[in-house]
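Visitor: The following file, data-v8.pdb, comprises PDB, C-alpha atoms, pLDDT in the B column:
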ATOM      1  CA  MET M   1     228.003  41.302 145.583  1.00 95.00           C
ATOM      2  CA  ILE M   2     227.211  37.893 144.107  1.00 97.00           C
ATOM      3  CA  THR M   3     227.103  38.059 140.325  1.00 97.00           C
ATOM      4  CA  ASN M   4     224.701  35.145 139.861  1.00 98.00           C
ATOM      5  CA  VAL M   5     222.525  35.702 142.928  1.00 97.00           C
ATOM      6  CA  GLU M   6     219.506  34.329 141.037  1.00 97.00           C
ATOM      7  CA  ASP M   7     221.236  30.917 140.998  1.00 97.00           C
ATOM      8  CA  PHE M   8     222.556  31.069 144.560  1.00 97.00           C
ATOM      9  CA  LEU M   9     219.587  32.411 146.516  1.00 95.00           C
ATOM     10  CA  PRO M  10     217.117  29.558 145.856  1.00 95.00           C
ATOM     11  CA  VAL M  11     219.768  26.983 146.821  1.00 96.00           C
ATOM     12  CA  LEU M  12     220.601  28.837 150.047  1.00 96.00           C
ATOM     13  CA  LYS M  13     216.948  29.281 150.972  1.00 94.00           C
ATOM     14  CA  GLY M  14     216.371  25.591 150.284  1.00 94.00           C
ATOM     15  CA  VAL M  15     218.979  24.712 152.905  1.00 95.00           C
ATOM     16  CA  LEU M  16     218.280  27.267 155.641  1.00 94.00           C
ATOM     17  CA  ARG M  17     215.777  26.667 158.397  1.00 92.00           C
ATOM     18  CA  GLY M  18     213.139  29.377 158.779  1.00 86.00           C
ATOM     19  CA  SER M  19     211.865  32.047 156.432  1.00 81.00           C
ATOM     20  CA  PHE M  20     213.555  35.191 155.201  1.00 83.00           C
ATOM     21  CA  SER M  21     211.753  38.281 154.001  1.00 85.00           C
ATOM     22  CA  ASP M  22     214.726  40.396 152.936  1.00 92.00           C
ATOM     23  CA  ASP M  23     216.819  38.737 150.238  1.00 93.00           C
ATOM     24  CA  ARG M  24     219.283  41.636 150.112  1.00 93.00           C
ATOM     25  CA  GLU M  25     220.033  41.280 153.815  1.00 93.00           C
ATOM     26  CA  LEU M  26     220.487  37.527 153.483  1.00 93.00           C
ATOM     27  CA  VAL M  27     222.868  37.842 150.522  1.00 95.00           C
ATOM     28  CA  GLY M  28     224.643  40.773 152.161  1.00 95.00           C
ATOM     29  CA  GLY M  29     225.403  38.607 155.180  1.00 93.00           C
ATOM     30  CA  VAL M  30     226.951  35.936 152.982  1.00 95.00           C
ATOM     31  CA  VAL M  31     229.073  38.479 151.102  1.00 96.00           C
ATOM     32  CA  SER M  32     230.242  40.062 154.365  1.00 95.00           C
ATOM     33  CA  ARG M  33     231.291  36.672 155.707  1.00 95.00           C
ATOM     34  CA  LEU M  34     233.189  35.889 152.510  1.00 95.00           C
ATOM     35  CA  GLN M  35     234.969  39.258 152.550  1.00 94.00           C
ATOM     36  CA  ASP M  36     235.755  39.204 156.274  1.00 93.00           C
ATOM     37  CA  SER M  37     237.147  35.688 156.257  1.00 90.00           C
ATOM     38  CA  ASP M  38     239.022  36.074 152.959  1.00 82.00           C
ATOM     39  CA  THR M  39     237.722  32.718 151.772  1.00 88.00           C
ATOM     40  CA  VAL M  40     235.651  31.411 148.877  1.00 96.00           C
ATOM     41  CA  HIS M  41     233.581  29.047 151.044  1.00 96.00           C
ATOM     42  CA  TYR M  42     230.406  29.816 152.997  1.00 96.00           C
ATOM     43  CA  GLY M  43     229.171  27.250 155.466  1.00 95.00           C
ATOM     44  CA  VAL M  44     225.750  26.561 156.910  1.00 95.00           C
ATOM     45  CA  THR M  45     225.958  24.465 160.060  1.00 95.00           C
ATOM     46  CA  ARG M  46     223.557  21.672 160.797  1.00 95.00           C
ATOM     47  CA  TRP M  47     221.949  23.864 163.460  1.00 94.00           C
ATOM     48  CA  ARG M  48     220.822  26.352 160.778  1.00 93.00           C
ATOM     49  CA  ALA M  49     219.948  23.768 158.112  1.00 95.00           C
ATOM     50  CA  LYS M  50     216.513  22.231 157.525  1.00 94.00           C
ATOM     51  CA  ASP M  51     217.984  18.753 157.136  1.00 95.00           C
ATOM     52  CA  THR M  52     220.349  19.054 160.144  1.00 93.00           C
ATOM     53  CA  GLN M  53     223.416  18.475 157.968  1.00 96.00           C
ATOM     54  CA  ASP M  54     226.358  20.799 157.352  1.00 97.00           C
ATOM     55  CA  HIS M  55     226.442  22.474 153.935  1.00 97.00           C
ATOM     56  CA  GLU M  56     229.205  24.385 152.183  1.00 97.00           C
ATOM     57  CA  PHE M  57     228.838  26.765 149.258  1.00 97.00           C
ATOM     58  CA  THR M  58     231.814  27.487 147.009  1.00 98.00           C
ATOM     59  CA  PHE M  59     232.364  30.783 145.203  1.00 98.00           C
ATOM     60  CA  GLN M  60     234.903  32.267 142.847  1.00 97.00           C
ATOM     61  CA  LYS M  61     236.326  35.640 143.837  1.00 96.00           C
ATOM     62  CA  ASN M  62     236.434  37.948 140.821  1.00 96.00           C
ATOM     63  CA  GLU M  63     239.034  40.635 140.134  1.00 95.00           C
ATOM     64  CA  ASP M  64     236.481  43.391 140.823  1.00 96.00           C
ATOM     65  CA  GLY M  65     235.823  42.058 144.346  1.00 93.00           C
ATOM     66  CA  THR M  66     232.518  40.382 143.525  1.00 96.00           C
ATOM     67  CA  PHE M  67     231.810  36.683 143.997  1.00 97.00           C
ATOM     68  CA  THR M  68     230.320  34.102 141.630  1.00 98.00           C
ATOM     69  CA  TYR M  69     228.470  31.125 143.110  1.00 98.00           C
ATOM     70  CA  LEU M  70     229.852  27.831 141.772  1.00 98.00           C
ATOM     71  CA  TYR M  71     228.306  24.906 143.681  1.00 97.00           C
ATOM     72  CA  LYS M  72     227.098  23.465 147.001  1.00 95.00           C
ATOM     73  CA  HIS M  73     228.813  20.511 148.703  1.00 88.00           C
TER      74      HIS M  73
END
Would you write out, as structure tokens, the structure that this file holds?
Guide:
Amino acid sequence: MITNVEDFLPVLKGVLRGSFSDDRELVGGVVSRLQDSDTVHYGVTRWRAKDTQDHEFTFQKNEDGTFTYLYKH
């Protein structure tokens, strides 16, 4: 879970190419990637980005296992 999803989701959607109808599925994919890779960074490659540049999102992992979005590089 991302604690401040209302801050993160518009930024992510602004970067990704295409449209997404299910916000929960989109956020769930990000959380799964963060948990599986044991990292606090989520990357969007230039192939998935509207502007064909790589993007990286940084999170803080909280003690309860949730993540808080901090910023985009």
Visitor: What's around region 51-54 of chain M at 10 Å? Count all atoms listed in the file, leave out sequence neighbours fewer than 3 positions away in its own chain, and write the answer as a short mmCIF file (atom, residue, chain, number, x, y, z; two decimals) with C-alpha atoms, keeping the file's coordinate frame.
Guide:
data_model
loop_
_atom_site.label_atom_id
_atom_site.label_comp_id
_atom_site.auth_asym_id
_atom_site.auth_seq_id
_atom_site.Cartn_x
_atom_site.Cartn_y
_atom_site.Cartn_z
CA GLY M 14 216.37 25.59 150.28
CA VAL M 15 218.98 24.71 152.90
CA LEU M 16 218.28 27.27 155.64
CA ARG M 17 215.78 26.67 158.40
CA GLY M 43 229.17 27.25 155.47
CA VAL M 44 225.75 26.56 156.91
CA THR M 45 225.96 24.46 160.06
CA ARG M 46 223.56 21.67 160.80
CA TRP M 47 221.95 23.86 163.46
CA ARG M 48 220.82 26.35 160.78
CA HIS M 73 228.81 20.51 148.70
#
Visitor: Using the chain letters and numbers from the file, which residues does the PyMOL selection byres ((chain M and resi 35) around 12) grab, as a ChimeraX atom specification?
Guide: /M:1-2,28-34,36-42,59-62,65-67
Visitor: Quick one: residues within 8 Å of Asn4 (chain M), only C-alpha atoms counted, chain neighbours fewer than 3 positions away excluded, as a count of residues only?
Guide: 4
Visitor: Find the residues around Lys72 (chain M) up to 8 Å (only C-alpha atoms counted), leave out those fewer than 6 positions away in its own chain, and share them as a PyMOL selection string.
Guide: chain M and resi 55-58
